[in-house]
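Student: Just passing along the structure, written as structure tokens.
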Amino acid sequence: MASSPSEVKGKVCVVTGATDGIGLAAAEGLARLGARVLAVGRNAQKGRNVVARLQRETGNADVSFLQADLSSQTQVRSLARDLVNGFPQLQILVNNVGGFFLRRTLSVDGIEATFALNHFNVFLLTCLLLDRLKANAPARIVNVASESHRNARLDLDQLAARRWGSGMKAYGQSKLAMILFTYQLAVRLQGSGVTVNAVHPGFVASHLYRSSGGLVRLAEPFVKLMAKTPQEGADTVIYLAASPEVEGVSGKYFVNRHPFPSSPASYDELSGQRLWEINAQMVGLP
């Protein structure tokens, strides 16, 4: 990392999806830099194990776990309340949580599960924390996206009508939506002292596809041979969360620590504005 520990020491940093893969590696990296890390995950036992491991291996006692199933809007709202009420100095939000469901699956809120977890509920959590982040500016938001967005196309009429695909199609669409959201949010945050950027972590050997089953899980040993480690995938995430080199940089898509053009569809401002309205409707925000 380009940052010294003193630059993030004591800053409250939320990392979602922090009990596995890129999220766990990002939480560890930020803990090593001295941040006060709040690791969010849905499994309480894994969370306790992660806290014990990170405290032991990083020497940072300021690592905590918050339990929440972020596929549920009710639990997202509960988590946001806990963060706002319990951690008034929140300055860094890493939206890493994500999933991929090969078969069509609905969330508890009746939304396609991949889209609910990867996008709609990330939008909800971020919006609920914006006032706190603004109050603690300079602050940063890092959205974990993917190069899989490049071949995706969002049909906003179908999205508004609650009709969406499943599997890899929904995954790519959700990541395109995340980049559109990032760019739209950056515009809305101008002058606030809060920056937001998206990042492609690379092809990482993580547990993203564990819910997919079938041939996807059978391919996991081969994936691990070709993929980056979670630590390598988390490098740019940590860089965007902590490095002074990107202070004030906002509304960009990063690959390997460098701004990189995303797909032409991701720069459609009108689509970004309409998507924001659809997001708000889906999660019950004004």
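Labels for the structure tokens follow display order: chains A, B, ..., residues from 1 in each chain, ligands from 1.
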Please identify the strand (DSSP E or B) residues within segment 102-257 of chain A (assignment by DSSP from backbone atoms) and present them as a tab-separated table (two decimals) with C-alpha atoms, in the first residue's frame.

Tutor:
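So result.tsv came out as:
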```
chain	number	residue	atom	x	y	z
A	106	LEU	CA	-35.98	-14.30	-5.17
A	112	GLU	CA	-34.24	-11.35	-8.07
A	139	ALA	CA	-15.03	10.48	3.43
A	140	ARG	CA	-14.91	7.73	0.82
A	141	ILE	CA	-17.21	5.16	-0.74
A	142	VAL	CA	-15.76	2.24	-2.71
A	143	ASN	CA	-18.10	0.12	-4.84
A	144	VAL	CA	-16.81	-3.28	-5.95
A	194	VAL	CA	-17.42	12.56	-0.03
A	195	THR	CA	-15.92	10.67	-2.96
A	196	VAL	CA	-17.21	7.51	-4.61
A	197	ASN	CA	-15.41	5.23	-7.04
A	198	ALA	CA	-15.98	1.79	-8.53
A	199	VAL	CA	-13.34	-0.91	-8.84
A	200	HIS	CA	-12.84	-4.09	-10.84
A	204	VAL	CA	-10.49	-13.59	-8.04
A	228	LYS	CA	-5.95	-13.81	-8.44
A	253	TYR	CA	-13.77	3.17	-12.50
A	254	PHE	CA	-10.45	1.69	-11.38
A	255	VAL	CA	-8.54	-1.37	-12.54
```

Student: What's the 12 Å shell around Gly34 of chain A, counting only C-alpha atoms, without same-chain residues fewer than 4 positions away, as number ranges by chain?

Tutor: A: 3-13, 27-30, 54-55, 58-63, 242

Student: Could the residues in this selection be saved with C-alpha atoms as an mmCIF file, in the first residue's frame?

Tutor:
```
data_model
loop_
_atom_site.group_PDB
_atom_site.id
_atom_site.type_symbol
_atom_site.label_atom_id
_atom_site.label_comp_id
_atom_site.auth_asym_id
_atom_site.auth_seq_id
_atom_site.Cartn_x
_atom_site.Cartn_y
_atom_site.Cartn_z
ATOM 1 C CA SER A 3 -0.519 4.746 2.524
ATOM 2 C CA SER A 4 1.180 4.849 5.887
ATOM 3 C CA PRO A 5 -0.822 3.575 8.871
ATOM 4 C CA SER A 6 -1.198 7.093 10.264
ATOM 5 C CA GLU A 7 -3.302 8.231 7.285
ATOM 6 C CA VAL A 8 -6.202 5.919 8.132
ATOM 7 C CA LYS A 9 -5.434 5.193 11.755
ATOM 8 C CA GLY A 10 -8.579 5.479 13.830
ATOM 9 C CA LYS A 11 -10.918 6.089 10.883
ATOM 10 C CA VAL A 12 -14.114 4.053 11.066
ATOM 11 C CA CYS A 13 -14.346 1.835 7.995
ATOM 12 C CA ALA A 27 -10.771 -5.732 6.046
ATOM 13 C CA GLU A 28 -7.399 -7.216 6.916
ATOM 14 C CA GLY A 29 -5.504 -4.680 4.817
ATOM 15 C CA LEU A 30 -7.341 -1.745 6.357
ATOM 16 C CA LEU A 54 -7.725 -10.155 12.303
ATOM 17 C CA GLN A 55 -7.072 -8.864 15.803
ATOM 18 C CA THR A 58 -2.822 -7.484 12.464
ATOM 19 C CA GLY A 59 -2.303 -6.453 16.066
ATOM 20 C CA ASN A 60 -5.291 -4.118 15.702
ATOM 21 C CA ALA A 61 -7.816 -4.513 18.503
ATOM 22 C CA ASP A 62 -10.297 -2.161 16.792
ATOM 23 C CA VAL A 63 -11.896 -4.824 14.596
ATOM 24 C CA ALA A 242 -6.963 4.658 2.080
#
```

Student: Counting only C-alpha atoms, what is within 8 Å of segment 157-168 of chain A, bar same-chain residues fewer than 6 positions away, as a CSV table (one decimal) with C-alpha atoms, in the first residue's frame?

Tutor:
```
chain,number,residue,atom,x,y,z
A,100,PHE,CA,-24.3,-14.9,-8.0
A,101,PHE,CA,-27.2,-17.3,-8.2
A,102,LEU,CA,-27.3,-19.6,-11.3
A,103,ARG,CA,-30.9,-20.5,-10.8
A,104,ARG,CA,-33.7,-18.0,-10.5
A,105,THR,CA,-34.0,-17.1,-6.9
A,111,ILE,CA,-36.6,-9.2,-5.9
A,112,GLU,CA,-34.2,-11.4,-8.1
A,114,THR,CA,-28.5,-11.4,-7.5
A,278,ILE,CA,-36.1,2.9,-10.0
```

Student: For Asn43 of chain A, work out the shell of residues within 12 Å, counting only C-alpha atoms and skipping chain neighbours fewer than 4 positions away, then give it as a PyMOL selection string.

Tutor: chain A and resi 17-20+39+47-50+65-70

Student: Give the alpha helix (DSSP H) residues of segment 50-224 of chain A, as assigned by DSSP on the backbone, as number ranges by chain.

Tutor: A: 50-58, 73-86, 113-115, 121-135, 156-160, 167-188, 214-218, 220-224

Student: Given the choices A:Val14, A:Ala35, A:Leu124, A:Ala80, which gets closest to Met282 of chain A if the distance is worked out from only C-alpha atoms?

Tutor: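 Among A:Val14, A:Ala35, A:Leu124, A:Ala80, it is A:Leu124 that comes nearest to Met282 of chain A.
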
Student: What's the separation between atom CA of Asn136 of chain A and atom CA of Val94 of chain A, in Å to one decimal place?

Tutor: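 According to the coordinates, atom CA of Asn136 of chain A and atom CA of Val94 of chain A are separated by 15.6 Å.
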
Student: Residues near Ala137 of chain A, anyone? I mean within 9 Å using only C-alpha atoms, not counting same-chain ones fewer than 4 positions away, as JSON, numbers by chain.

Tutor: {"A": [91, 132, 133, 192, 193, 194]}

Student: I need the residue nearest Pro201 of chain A from this list: A:Gln173, A:Gln45, A:Asp155, A:Ala145. Use only C-alpha atoms for the distance.

Tutor: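 That would be A:Ala145, the residue with the smallest distance to Pro201 of chain A.
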
Student: Return the single residue from A:Ala135, A:Leu125, A:Ala234, A:Ala177 that is closest to His149 of chain A, with distances computed using only C-alpha atoms.

Tutor: A:Ala177

Student: Just how far from atom CA of Gly99 of chain A is atom CA of Ala52 of chain A, in Å to one decimal?

Tutor: 25.0 Å

Student: Quick one: pull the distance between atom CA of Gly172 of chain A and atom CA of Ser148 of chain A, Å, one decimal.

Tutor: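 Pair atom CA of Gly172 of chain A / atom CA of Ser148 of chain A returns 5.1 Å.
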
Student: Name the residues in contact with segment 260-265 of chain A at a cut-off of 9 Å, using only C-alpha atoms, excluding same-chain residues fewer than 6 positions from it; report them as a list of chain:residue names.

Tutor: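 Everything that qualifies: A:Glu147, A:His149, A:Arg150, A:Asn151, A:Ala152, A:Arg153, A:Leu154, A:Leu176, A:Ile179, A:Leu180, A:Lys252, A:Tyr253, A:Phe254, A:Ser271.
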
Student: Please determine, counting only C-alpha atoms, which residue among A:Pro138, A:Gly86, A:Ser71, A:Leu117 has the shortest atom-to-atom distance to Pro244 of chain A.

Tutor: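 Under the stated criterion, the closest residue is A:Pro138.
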